[in-house]
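Coordinates as given in coords.cif (mmCIF, C-alpha atoms):
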data_input
loop_
_atom_site.group_PDB
_atom_site.id
_atom_site.type_symbol
_atom_site.label_atom_id
_atom_site.label_comp_id
_atom_site.auth_asym_id
_atom_site.auth_seq_id
_atom_site.Cartn_x
_atom_site.Cartn_y
_atom_site.Cartn_z
ATOM 1 C CA MET I 1 0.000 0.000 0.000
ATOM 2 C CA SER I 2 1.492 3.319 -0.991
ATOM 3 C CA LYS I 3 2.034 5.963 1.667
ATOM 4 C CA ARG I 4 -0.457 8.244 -0.002
ATOM 5 C CA THR I 5 -3.213 5.662 -0.042
ATOM 6 C CA ARG I 6 -2.481 4.790 3.564
ATOM 7 C CA LYS I 7 -2.747 8.429 4.581
ATOM 8 C CA ILE I 8 -5.996 9.025 2.709
ATOM 9 C CA SER I 9 -7.621 5.934 4.148
ATOM 10 C CA TYR I 10 -6.528 6.823 7.679
ATOM 11 C CA LEU I 11 -7.870 10.373 7.326
ATOM 12 C CA GLY I 12 -11.178 8.963 6.104
ATOM 13 C CA PHE I 13 -11.154 6.575 9.046
ATOM 14 C CA PHE I 14 -10.546 9.373 11.556
ATOM 15 C CA LEU I 15 -13.242 11.491 9.908
ATOM 16 C CA SER I 16 -15.736 8.662 10.259
ATOM 17 C CA ILE I 17 -14.802 8.221 13.944
ATOM 18 C CA ALA I 18 -15.387 11.946 14.426
ATOM 19 C CA LEU I 19 -18.773 11.690 12.686
ATOM 20 C CA ILE I 20 -19.784 8.753 14.852
ATOM 21 C CA CYS I 21 -18.740 10.707 17.958
ATOM 22 C CA SER I 22 -21.020 13.555 16.837
ATOM 23 C CA TYR I 23 -23.844 11.109 16.340
ATOM 24 C CA ILE I 24 -23.361 9.435 19.729
ATOM 25 C CA GLU I 25 -23.245 12.862 21.299
ATOM 26 C CA SER I 26 -26.598 13.768 19.782
ATOM 27 C CA LEU I 27 -28.036 10.637 21.426
ATOM 28 C CA ILE I 28 -26.796 11.565 24.912
ATOM 29 C CA PRO I 29 -29.236 13.974 26.545
ATOM 30 C CA PHE I 30 -26.471 16.088 28.001
ATOM 31 C CA SER I 31 -28.117 19.443 27.357
ATOM 32 C CA ILE I 32 -29.255 21.152 30.524
ATOM 33 C CA GLY I 33 -31.317 23.872 28.937
ATOM 34 C CA ILE I 34 -28.419 26.177 28.156
ATOM 35 C CA PRO I 35 -27.645 26.504 24.465
ATOM 36 C CA GLY I 36 -24.107 25.795 23.359
ATOM 37 C CA ILE I 37 -23.120 23.285 26.018
ATOM 38 C CA LYS I 38 -22.070 19.974 24.634
ATOM 39 C CA LEU I 39 -19.750 17.195 25.724
ATOM 40 C CA GLY I 40 -17.585 17.593 22.618
ATOM 41 C CA LEU I 41 -16.675 13.952 22.101
ATOM 42 C CA THR I 42 -15.258 14.744 18.668
ATOM 43 C CA ASN I 43 -12.631 16.841 20.351
ATOM 44 C CA ILE I 44 -10.990 13.549 21.362
ATOM 45 C CA VAL I 45 -10.296 12.912 17.688
ATOM 46 C CA VAL I 46 -9.076 16.460 17.094
ATOM 47 C CA VAL I 47 -6.728 16.507 20.117
ATOM 48 C CA MET I 48 -5.415 13.044 19.295
ATOM 49 C CA MET I 49 -4.793 13.981 15.657
ATOM 50 C CA MET I 50 -2.987 17.177 16.604
ATOM 51 C CA TYR I 51 -0.447 15.204 18.601
ATOM 52 C CA VAL I 52 -0.229 11.930 16.713
ATOM 53 C CA VAL I 53 -0.882 12.883 13.092
ATOM 54 C CA GLY I 54 -0.396 16.604 12.519
ATOM 55 C CA ASP I 55 -2.002 20.019 12.804
ATOM 56 C CA LYS I 56 -3.032 20.366 9.173
ATOM 57 C CA GLU I 57 -4.710 16.985 9.115
ATOM 58 C CA ALA I 58 -6.478 17.667 12.413
ATOM 59 C CA LEU I 59 -7.821 20.970 11.106
ATOM 60 C CA LEU I 60 -8.975 19.336 7.869
ATOM 61 C CA VAL I 61 -10.839 16.542 9.645
ATOM 62 C CA SER I 62 -12.325 19.009 12.142
ATOM 63 C CA ILE I 63 -13.714 21.322 9.449
ATOM 64 C CA LEU I 64 -15.002 18.467 7.288
ATOM 65 C CA ARG I 65 -16.669 16.919 10.322
ATOM 66 C CA MET I 66 -18.479 20.162 11.201
ATOM 67 C CA LEU I 67 -19.687 20.679 7.622
ATOM 68 C CA LEU I 68 -20.867 17.089 7.236
ATOM 69 C CA VAL I 69 -22.652 17.017 10.590
ATOM 70 C CA GLY I 70 -24.272 20.335 9.720
ATOM 71 C CA PHE I 71 -25.541 19.011 6.403
ATOM 72 C CA MET I 72 -26.750 15.754 7.897
ATOM 73 C CA PHE I 73 -28.339 16.747 11.198
ATOM 74 C CA GLY I 74 -28.377 20.547 11.323
ATOM 75 C CA ASN I 75 -28.976 23.631 9.254
ATOM 76 C CA ALA I 76 -27.033 26.655 8.027
ATOM 77 C CA PHE I 77 -27.138 28.259 11.477
ATOM 78 C CA SER I 78 -25.820 25.226 13.283
ATOM 79 C CA ILE I 79 -22.925 25.068 10.799
ATOM 80 C CA VAL I 80 -22.049 28.713 11.486
ATOM 81 C CA TYR I 81 -22.222 28.127 15.241
ATOM 82 C CA SER I 82 -20.131 24.994 15.244
ATOM 83 C CA LEU I 83 -17.586 26.463 12.813
ATOM 84 C CA SER I 84 -17.081 29.550 14.965
ATOM 85 C CA GLY I 85 -16.660 27.429 18.076
ATOM 86 C CA GLY I 86 -14.554 24.769 16.411
ATOM 87 C CA LEU I 87 -12.166 27.148 14.655
ATOM 88 C CA LEU I 88 -11.571 29.348 17.707
ATOM 89 C CA SER I 89 -11.054 26.257 19.833
ATOM 90 C CA PHE I 90 -8.630 24.816 17.282
ATOM 91 C CA LEU I 91 -6.659 28.057 17.064
ATOM 92 C CA ILE I 92 -6.237 28.245 20.848
ATOM 93 C CA MET I 93 -5.301 24.576 21.144
ATOM 94 C CA PHE I 94 -2.825 24.935 18.272
ATOM 95 C CA LEU I 95 -1.107 27.905 19.943
ATOM 96 C CA LEU I 96 -0.974 26.157 23.327
ATOM 97 C CA LYS I 97 0.337 22.967 21.774
ATOM 98 C CA LYS I 98 3.088 24.961 20.041
ATOM 99 C CA THR I 99 4.568 25.897 23.421
ATOM 100 C CA ASN I 100 5.405 22.188 23.850
ATOM 101 C CA ARG I 101 5.200 22.530 27.607
ATOM 102 C CA LEU I 102 1.579 21.769 28.290
ATOM 103 C CA HIS I 103 -0.232 18.560 29.062
ATOM 104 C CA TYR I 104 -2.961 17.290 26.731
ATOM 105 C CA ILE I 105 -5.533 17.865 29.467
ATOM 106 C CA THR I 106 -4.672 21.564 29.761
ATOM 107 C CA VAL I 107 -4.827 21.977 25.995
ATOM 108 C CA SER I 108 -8.158 20.193 25.916
ATOM 109 C CA ILE I 109 -9.612 22.297 28.747
ATOM 110 C CA TYR I 110 -8.716 25.487 26.878
ATOM 111 C CA GLY I 111 -10.194 23.958 23.752
ATOM 112 C CA GLY I 112 -13.468 23.221 25.536
ATOM 113 C CA VAL I 113 -13.722 26.686 27.067
ATOM 114 C CA PHE I 114 -12.968 28.518 23.831
ATOM 115 C CA HIS I 115 -15.311 26.300 21.847
ATOM 116 C CA ASN I 116 -18.155 27.553 24.024
ATOM 117 C CA ILE I 117 -16.909 31.154 23.968
ATOM 118 C CA GLY I 118 -16.612 31.102 20.169
ATOM 119 C CA GLN I 119 -20.204 29.968 19.878
ATOM 120 C CA ILE I 120 -21.522 32.572 22.278
ATOM 121 C CA ILE I 121 -19.626 35.360 20.471
ATOM 122 C CA MET I 122 -21.211 34.244 17.200
ATOM 123 C CA ALA I 123 -24.613 34.017 18.880
ATOM 124 C CA SER I 124 -24.349 37.565 20.224
ATOM 125 C CA LEU I 125 -23.327 38.811 16.769
ATOM 126 C CA ILE I 126 -26.213 37.052 15.025
ATOM 127 C CA VAL I 127 -28.856 38.011 17.570
ATOM 128 C CA GLU I 128 -27.334 41.508 17.989
ATOM 129 C CA ASN I 129 -27.982 41.214 21.665
ATOM 130 C CA TYR I 130 -25.182 41.281 24.142
ATOM 131 C CA LYS I 131 -27.294 39.846 26.947
ATOM 132 C CA VAL I 132 -26.191 36.388 25.820
ATOM 133 C CA THR I 133 -22.692 37.169 27.055
ATOM 134 C CA TYR I 134 -24.111 36.674 30.555
ATOM 135 C CA TYR I 135 -23.739 32.983 29.817
ATOM 136 C CA ILE I 136 -19.957 33.275 29.695
ATOM 137 C CA PRO I 137 -19.290 32.282 33.353
ATOM 138 C CA VAL I 138 -21.531 29.239 32.958
ATOM 139 C CA LEU I 139 -19.826 28.357 29.691
ATOM 140 C CA ILE I 140 -16.352 28.617 31.233
ATOM 141 C CA VAL I 141 -17.324 26.162 33.978
ATOM 142 C CA ALA I 142 -18.967 23.824 31.477
ATOM 143 C CA GLY I 143 -15.936 24.036 29.194
ATOM 144 C CA VAL I 144 -13.573 23.162 32.048
ATOM 145 C CA ILE I 145 -15.650 20.123 33.032
ATOM 146 C CA THR I 146 -16.091 18.743 29.518
ATOM 147 C CA GLY I 147 -12.516 19.687 28.592
ATOM 148 C CA THR I 148 -11.143 17.739 31.557
ATOM 149 C CA ILE I 149 -13.105 14.613 30.641
ATOM 150 C CA ILE I 150 -12.120 14.873 26.979
ATOM 151 C CA GLY I 151 -8.508 15.634 27.918
ATOM 152 C CA ILE I 152 -8.184 12.538 30.128
ATOM 153 C CA VAL I 153 -9.640 10.303 27.426
ATOM 154 C CA SER I 154 -7.465 11.904 24.720
ATOM 155 C CA SER I 155 -4.273 11.504 26.707
ATOM 156 C CA GLU I 156 -5.026 7.798 27.178
ATOM 157 C CA VAL I 157 -5.663 7.426 23.443
ATOM 158 C CA ILE I 158 -2.479 9.340 22.581
ATOM 159 C CA TYR I 159 -0.450 7.246 25.050
ATOM 160 C CA ARG I 160 -1.661 4.021 23.457
ATOM 161 C CA MET I 161 -1.119 5.218 19.920
ATOM 162 C CA GLN I 162 2.399 6.329 20.726
ATOM 163 C CA LYS I 163 3.063 2.949 22.354
ATOM 164 C CA MET I 164 2.084 1.119 19.184
ATOM 165 C CA LYS I 165 4.234 3.595 17.203
ATOM 166 C CA PHE I 166 1.364 4.757 15.017
ATOM 167 C CA GLU I 167 2.442 6.620 11.925
ATOM 168 C CA ILE I 168 0.105 7.855 9.288
ATOM 169 C CA SER I 169 2.416 7.516 6.320
ATOM 170 C CA MET L 1 5.788 7.179 28.643
ATOM 171 C CA ARG L 2 2.798 8.844 30.184
ATOM 172 C CA LYS L 3 3.100 12.572 30.379
ATOM 173 C CA LYS L 4 2.654 14.265 33.739
ATOM 174 C CA MET L 5 1.230 17.695 34.356
ATOM 175 C CA GLY L 6 3.934 20.248 35.029
ATOM 176 C CA LYS L 7 4.377 23.773 36.295
ATOM 177 C CA ALA L 8 3.251 25.307 33.018
ATOM 178 C CA ASP L 9 -0.045 23.401 33.225
ATOM 179 C CA PHE L 10 -0.825 24.603 36.696
ATOM 180 C CA PHE L 11 0.068 28.136 35.633
ATOM 181 C CA MET L 12 -2.326 28.007 32.678
ATOM 182 C CA LEU L 13 -5.129 26.477 34.751
ATOM 183 C CA GLY L 14 -4.582 29.080 37.459
ATOM 184 C CA LEU L 15 -4.767 31.768 34.785
ATOM 185 C CA LEU L 16 -8.097 30.363 33.648
ATOM 186 C CA ALA L 17 -9.387 30.434 37.224
ATOM 187 C CA VAL L 18 -8.269 34.070 37.629
ATOM 188 C CA VAL L 19 -10.002 35.050 34.387
ATOM 189 C CA PHE L 20 -13.126 33.243 35.550
ATOM 190 C CA VAL L 21 -13.176 35.143 38.850
ATOM 191 C CA LEU L 22 -12.631 38.429 37.007
ATOM 192 C CA VAL L 23 -15.532 37.677 34.659
ATOM 193 C CA LEU L 24 -17.759 36.803 37.621
ATOM 194 C CA VAL L 25 -16.866 40.039 39.432
ATOM 195 C CA PHE L 26 -17.493 41.957 36.211
ATOM 196 C CA PHE L 27 -20.967 40.466 35.900
ATOM 197 C CA TRP L 28 -21.781 41.030 39.551
ATOM 198 C CA GLN L 29 -21.248 44.729 38.917
ATOM 199 C CA PHE L 30 -24.067 44.612 36.412
ATOM 200 C CA GLU L 31 -26.264 42.289 38.402
ATOM 201 C CA SER L 32 -29.879 43.212 37.968
ATOM 202 C CA LYS L 33 -31.722 44.836 40.807
ATOM 203 C CA ASP L 34 -35.187 43.953 42.050
ATOM 204 C CA GLY L 35 -37.752 45.677 39.889
ATOM 205 C CA GLU L 36 -40.535 48.041 40.920
ATOM 206 C CA LYS L 37 -43.104 47.972 38.162
ATOM 207 C CA VAL L 38 -44.733 45.393 35.949
ATOM 208 C CA VAL L 39 -45.234 46.568 32.385
ATOM 209 C CA VAL L 40 -47.709 44.559 30.340
ATOM 210 C CA SER L 41 -47.720 45.148 26.619
ATOM 211 C CA LEU L 42 -50.074 43.868 23.979
ATOM 212 C CA ASN L 43 -49.203 43.922 20.270
ATOM 213 C CA GLY L 44 -46.117 45.994 21.088
ATOM 214 C CA GLU L 45 -48.111 48.722 22.830
ATOM 215 C CA THR L 46 -48.207 49.263 26.561
ATOM 216 C CA TYR L 47 -51.364 47.776 28.009
ATOM 217 C CA GLY L 48 -50.772 48.758 31.591
ATOM 218 C CA VAL L 49 -48.182 49.457 34.308
ATOM 219 C CA TYR L 50 -48.694 47.938 37.746
ATOM 220 C CA ASP L 51 -46.929 48.016 41.101
ATOM 221 C CA LEU L 52 -44.896 44.864 41.680
ATOM 222 C CA HIS L 53 -45.406 44.973 45.422
ATOM 223 C CA LYS L 54 -49.184 45.039 45.482
ATOM 224 C CA TYR L 55 -51.216 41.875 45.100
ATOM 225 C CA ARG L 56 -53.222 42.039 41.949
ATOM 226 C CA LYS L 57 -54.576 39.975 39.123
ATOM 227 C CA VAL L 58 -54.348 41.621 35.713
ATOM 228 C CA SER L 59 -56.622 40.372 32.989
ATOM 229 C CA VAL L 60 -55.534 41.215 29.472
ATOM 230 C CA LYS L 61 -58.628 41.585 27.357
ATOM 231 C CA VAL L 62 -59.098 41.779 23.621
ATOM 232 C CA LYS L 63 -62.644 42.602 22.501
ATOM 233 C CA ASN L 64 -63.917 41.859 26.016
ATOM 234 C CA LYS L 65 -62.407 38.392 25.966
ATOM 235 C CA THR L 66 -59.755 37.613 28.536
ATOM 236 C CA ILE L 67 -56.737 36.152 26.782
ATOM 237 C CA ASN L 68 -54.168 36.276 29.583
ATOM 238 C CA VAL L 69 -54.239 36.613 33.360
ATOM 239 C CA ILE L 70 -51.087 37.835 35.089
ATOM 240 C CA GLU L 71 -50.864 37.470 38.832
ATOM 241 C CA ILE L 72 -48.646 39.795 40.864
ATOM 242 C CA LYS L 73 -47.900 38.405 44.290
ATOM 243 C CA ASN L 74 -45.127 38.876 46.876
ATOM 244 C CA GLY L 75 -43.021 41.004 44.528
ATOM 245 C CA LYS L 76 -43.196 38.489 41.714
ATOM 246 C CA ALA L 77 -45.250 38.321 38.553
ATOM 247 C CA PHE L 78 -46.284 35.236 36.664
ATOM 248 C CA MET L 79 -48.670 34.147 33.957
ATOM 249 C CA LYS L 80 -51.645 32.620 35.721
ATOM 250 C CA TYR L 81 -53.689 31.776 32.685
ATOM 251 C CA ALA L 82 -53.352 31.998 28.931
ATOM 252 C CA THR L 83 -55.540 30.984 26.015
ATOM 253 C CA CYS L 84 -52.601 30.094 23.810
ATOM 254 C CA PRO L 85 -52.335 26.425 22.819
ATOM 255 C CA ASP L 86 -48.811 25.622 24.002
ATOM 256 C CA LYS L 87 -49.056 27.231 27.488
ATOM 257 C CA LEU L 88 -45.310 27.917 27.410
ATOM 258 C CA CYS L 89 -45.813 31.259 29.143
ATOM 259 C CA GLU L 90 -47.649 29.610 32.033
ATOM 260 C CA LYS L 91 -44.697 27.307 32.540
ATOM 261 C CA GLN L 92 -42.197 30.180 32.819
ATOM 262 C CA LYS L 93 -40.916 31.008 36.265
ATOM 263 C CA ALA L 94 -42.183 34.031 38.164
ATOM 264 C CA ILE L 95 -40.171 37.164 37.380
ATOM 265 C CA SER L 96 -39.023 39.826 39.809
ATOM 266 C CA LYS L 97 -35.703 41.303 38.597
ATOM 267 C CA GLU L 98 -35.339 44.282 36.301
ATOM 268 C CA ASN L 99 -35.686 43.541 32.586
ATOM 269 C CA GLU L 100 -36.901 40.004 33.106
ATOM 270 C CA THR L 101 -39.722 39.104 30.748
ATOM 271 C CA ILE L 102 -42.446 36.610 30.174
ATOM 272 C CA VAL L 103 -43.528 36.365 26.559
ATOM 273 C CA CYS L 104 -46.733 34.836 25.314
ATOM 274 C CA LEU L 105 -46.000 34.741 21.608
ATOM 275 C CA PRO L 106 -49.354 33.508 20.260
ATOM 276 C CA ASN L 107 -51.259 36.257 22.095
ATOM 277 C CA LYS L 108 -48.504 38.869 21.588
ATOM 278 C CA VAL L 109 -48.490 39.644 25.291
ATOM 279 C CA ILE L 110 -45.200 40.619 26.902
ATOM 280 C CA VAL L 111 -44.727 41.120 30.634
ATOM 281 C CA THR L 112 -41.594 43.036 31.622
ATOM 282 C CA ILE L 113 -40.246 44.085 35.005
ATOM 283 C CA LYS L 114 -38.941 47.648 35.170
ATOM 284 C CA GLY L 115 -37.137 49.707 37.764
ATOM 285 C CA ALA L 116 -38.648 52.775 39.369
ATOM 286 C CA GLU L 117 -37.115 55.270 36.908
ATOM 287 C CA ASP L 118 -37.819 53.797 33.506
ATOM 288 C CA SER L 119 -41.202 52.238 34.191
ATOM 289 C CA LYS L 120 -43.008 54.920 32.205
ATOM 290 C CA LYS L 121 -41.190 54.082 29.010
ATOM 291 C CA SER L 122 -42.890 51.308 27.116
ATOM 292 C CA THR L 123 -40.729 48.371 26.222
ATOM 293 C CA SER L 124 -39.134 49.070 22.898
ATOM 294 C CA ASN L 125 -39.965 46.771 20.047
ATOM 295 C CA LYS L 126 -36.344 45.936 19.319
ATOM 296 C CA ASN L 127 -35.761 44.486 22.765
ATOM 297 C CA ASN L 128 -38.845 42.364 22.561
ATOM 298 C CA ARG L 129 -37.811 40.974 19.248
ATOM 299 C CA ASP L 130 -34.379 40.053 20.581
ATOM 300 C CA ASP L 131 -35.873 38.287 23.566
ATOM 301 C CA ASN L 132 -38.038 36.238 21.266
ATOM 302 C CA VAL L 133 -35.021 35.263 19.207
ATOM 303 C CA ILE L 134 -33.244 34.130 22.362
ATOM 304 C CA ASP L 135 -36.257 32.059 23.329
ATOM 305 C CA SER L 136 -36.271 30.354 19.984
ATOM 306 C CA ILE L 137 -32.577 29.559 20.286
ATOM 307 C CA SER L 138 -32.914 28.067 23.730
ATOM 308 C CA ASN L 139 -35.787 25.918 22.586
#
Show me this structure written as structure tokens.
Amino acid sequence: MSKRTRKISYLGFFLSIALICSYIESLIPFSIGIPGIKLGLTNIVVVMMMYVVGDKEALLVSILRMLLVGFMFGNAFSIVYSLSGGLLSFLIMFLLKKTNRLHYITVSIYGGVFHNIGQIIMASLIVENYKVTYYIPVLIVAGVITGTIIGIVSSEVIYRMQKMKFEIS
Amino acid sequence: MRKKMGKADFFMLGLLAVVFVLVLVFFWQFESKDGEKVVVSLNGETYGVYDLHKYRKVSVKVKNKTINVIEIKNGKAFMKYATCPDKLCEKQKAISKENETIVCLPNKVIVTIKGAEDSKKSTSNKNNRDDNVIDSISN
């Protein structure tokens, strides 16, 4: 199998895992009446890919996942919301990862918090009402909780993939 | 080898905690005060202004038919009765703080709490529209 084929098939595989995570997440009734709070299972895939595969590939899978989920289960608005959250979260995680001194869990916590903040910023722009920013304290707490869970799971996944010397190409 | 959390991690998490406390303090500054007046509006126009601290039942009538009953009791206002089919407004919690609202969309009735100073102003249409948008998002 050529390296290129191997890479393409692995990226498709990771994308499908991310899609399944989104689907499972939609089955879990985790919402507690506050818009924008989600467990963010797919962030496991994104964090893992950032460390094990590469930043570019992680970004690609993340964006494709958001678009596909939006087309399948959501609408134009849900795509805009998840893109704004996902891209801001990715940017912050990318910068923190670049320092090379932080644990996966810390990176993931920041990712969770900024995912929520990105969505609420977009919501306040769309609604043209800044009252929604009152959610920010709640969203920070929620982001820390979900980010910790996702970070612990991701670090276990990364540890195992490094142990089996996973390489994408 | 499993990675362990180091100094840099605790620094970043501490930073997050500090930012969180700052945000909380910032919002406490703007925390809403207890309101004084209940403003009921129908079709975007003020229907009536009532004292929040006096017991009273307000019936909103259109062509002599009562469409909504708002009860004001112990400094709180809530929708006692509504003719709308979904009864969402009846399920909303009692409101008492400034700028809190109960919206009955089908009947176009909006109940807003106002402070002592700005109770004479009717609720502007723009604000009402935004509140409705927020409701539809949270649903």
I want to know what sits within 12 Å of I:Val153, based on only C-alpha atoms, with residues of the same chain fewer than 6 positions away left out; could you give that as a PyMOL selection string? chain I and resi 40-45+47-48+104-105+108+146-147+159-160
Just say which residues the PyMOL selection byres ((chain L and resi 94-96) around 9) picks in this file, as number ranges by chain. L: 33-36, 38, 52, 75-79, 92-93, 97-102, 112-113
Hits from the PyMOL selection byres ((chain L and resi 6) around 12), listed as a PyMOL selection string: (chain I and resi 100-106) or (chain L and resi 3-5+7-13)
Same residues, C-alpha atoms, saved as a CSV table (one decimal), in the frame of the given file:
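What ended up in result.csv:
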chain,number,residue,atom,x,y,z
I,100,ASN,CA,5.4,22.2,23.8
I,101,ARG,CA,5.2,22.5,27.6
I,102,LEU,CA,1.6,21.8,28.3
I,103,HIS,CA,-0.2,18.6,29.1
I,104,TYR,CA,-3.0,17.3,26.7
I,105,ILE,CA,-5.5,17.9,29.5
I,106,THR,CA,-4.7,21.6,29.8
L,3,LYS,CA,3.1,12.6,30.4
L,4,LYS,CA,2.7,14.3,33.7
L,5,MET,CA,1.2,17.7,34.4
L,7,LYS,CA,4.4,23.8,36.3
L,8,ALA,CA,3.3,25.3,33.0
L,9,ASP,CA,0.0,23.4,33.2
L,10,PHE,CA,-0.8,24.6,36.7
L,11,PHE,CA,0.1,28.1,35.6
L,12,MET,CA,-2.3,28.0,32.7
L,13,LEU,CA,-5.1,26.5,34.8
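When atom CA of I:Thr99 is paired with atom CA of I:Asp55, their separation reads 13.8 Å.
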Distance criterion (all atoms listed in the file): nearest to I:Val157 out of I:Ile8, I:Ile28, I:Val144, I:Val46: I:Val46
Nearest to L:Val62, chosen from L:Leu42, L:Leu16, L:Val21, L:Cys84, with all atoms listed in the file counted in the distances: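 The answer is L:Leu42, which sits nearest to L:Val62.
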Counting all atoms listed in the file, which residue out of I:Ser9, I:Ile120, I:Met50, I:Arg65 sits closest to I:Lys98?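 Closest to I:Lys98 of all the choices is I:Met50.
Put simply, atom CA of I:Gly70 is 8.3 Å away from atom CA of I:Ser82.
In this model, the gap between atom CA of L:Glu45 and atom CA of L:Val111 comes to 11.4 Å.
Minimum atom-to-atom distances from I:Ile63, I:Leu83, I:Leu39, I:Val127 to I:Gly112 were compared using only C-alpha atoms, and the lowest value belongs to I:Leu39.
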Of the candidates I:Ile117, I:Tyr10, I:Ile149, I:Val80, which one gets nearest to I:Tyr134 if we count all atoms listed in the file?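 Selected residue with least distance to I:Tyr134: I:Ile117.
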Result set, the PyMOL selection byres ((chain L and resi 56) around 7) on current file, as a PyMOL selection string: chain L and resi 54-55+57-58+71-73
Generate N, CA, C and O atoms for stretch 93-104 of chain L and emit them as a short mmCIF file (atom, residue, chain, number, x, y, z; two decimals), in the coordinates of the input.
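Everything below was put into result-v2.cif:
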data_model
loop_
_atom_site.label_atom_id
_atom_site.label_comp_id
_atom_site.auth_asym_id
_atom_site.auth_seq_id
_atom_site.Cartn_x
_atom_site.Cartn_y
_atom_site.Cartn_z
N LYS L 93 -41.03 30.68 34.85
CA LYS L 93 -40.92 31.01 36.26
C LYS L 93 -41.40 32.43 36.53
O LYS L 93 -41.39 33.28 35.65
N ALA L 94 -41.79 32.68 37.77
CA ALA L 94 -42.18 34.03 38.16
C ALA L 94 -40.99 34.97 38.02
O ALA L 94 -39.85 34.58 38.25
N ILE L 95 -41.26 36.22 37.60
CA ILE L 95 -40.17 37.16 37.38
C ILE L 95 -40.23 38.28 38.42
O ILE L 95 -41.31 38.67 38.87
N SER L 96 -39.06 38.76 38.82
CA SER L 96 -39.02 39.83 39.81
C SER L 96 -37.89 40.81 39.57
O SER L 96 -37.93 41.94 40.04
N LYS L 97 -36.86 40.43 38.81
CA LYS L 97 -35.70 41.30 38.60
C LYS L 97 -35.93 42.20 37.38
O LYS L 97 -36.69 41.87 36.48
N GLU L 98 -35.22 43.33 37.39
CA GLU L 98 -35.34 44.28 36.30
C GLU L 98 -35.05 43.63 34.95
O GLU L 98 -34.10 42.86 34.83
N ASN L 99 -35.86 43.98 33.97
CA ASN L 99 -35.69 43.54 32.59
C ASN L 99 -35.98 42.07 32.35
O ASN L 99 -35.76 41.56 31.26
N GLU L 100 -36.46 41.37 33.37
CA GLU L 100 -36.90 40.00 33.11
C GLU L 100 -38.24 40.07 32.36
O GLU L 100 -39.01 41.00 32.56
N THR L 101 -38.48 39.07 31.53
CA THR L 101 -39.72 39.10 30.75
C THR L 101 -40.39 37.74 30.70
O THR L 101 -39.75 36.72 30.82
N ILE L 102 -41.70 37.80 30.55
CA ILE L 102 -42.45 36.61 30.17
C ILE L 102 -43.12 36.95 28.85
O ILE L 102 -43.75 38.00 28.72
N VAL L 103 -42.95 36.09 27.88
CA VAL L 103 -43.53 36.36 26.56
C VAL L 103 -44.57 35.31 26.25
O VAL L 103 -44.32 34.12 26.42
N CYS L 104 -45.75 35.77 25.85
CA CYS L 104 -46.73 34.84 25.31
C CYS L 104 -46.83 35.14 23.83
O CYS L 104 -47.54 36.06 23.42
#
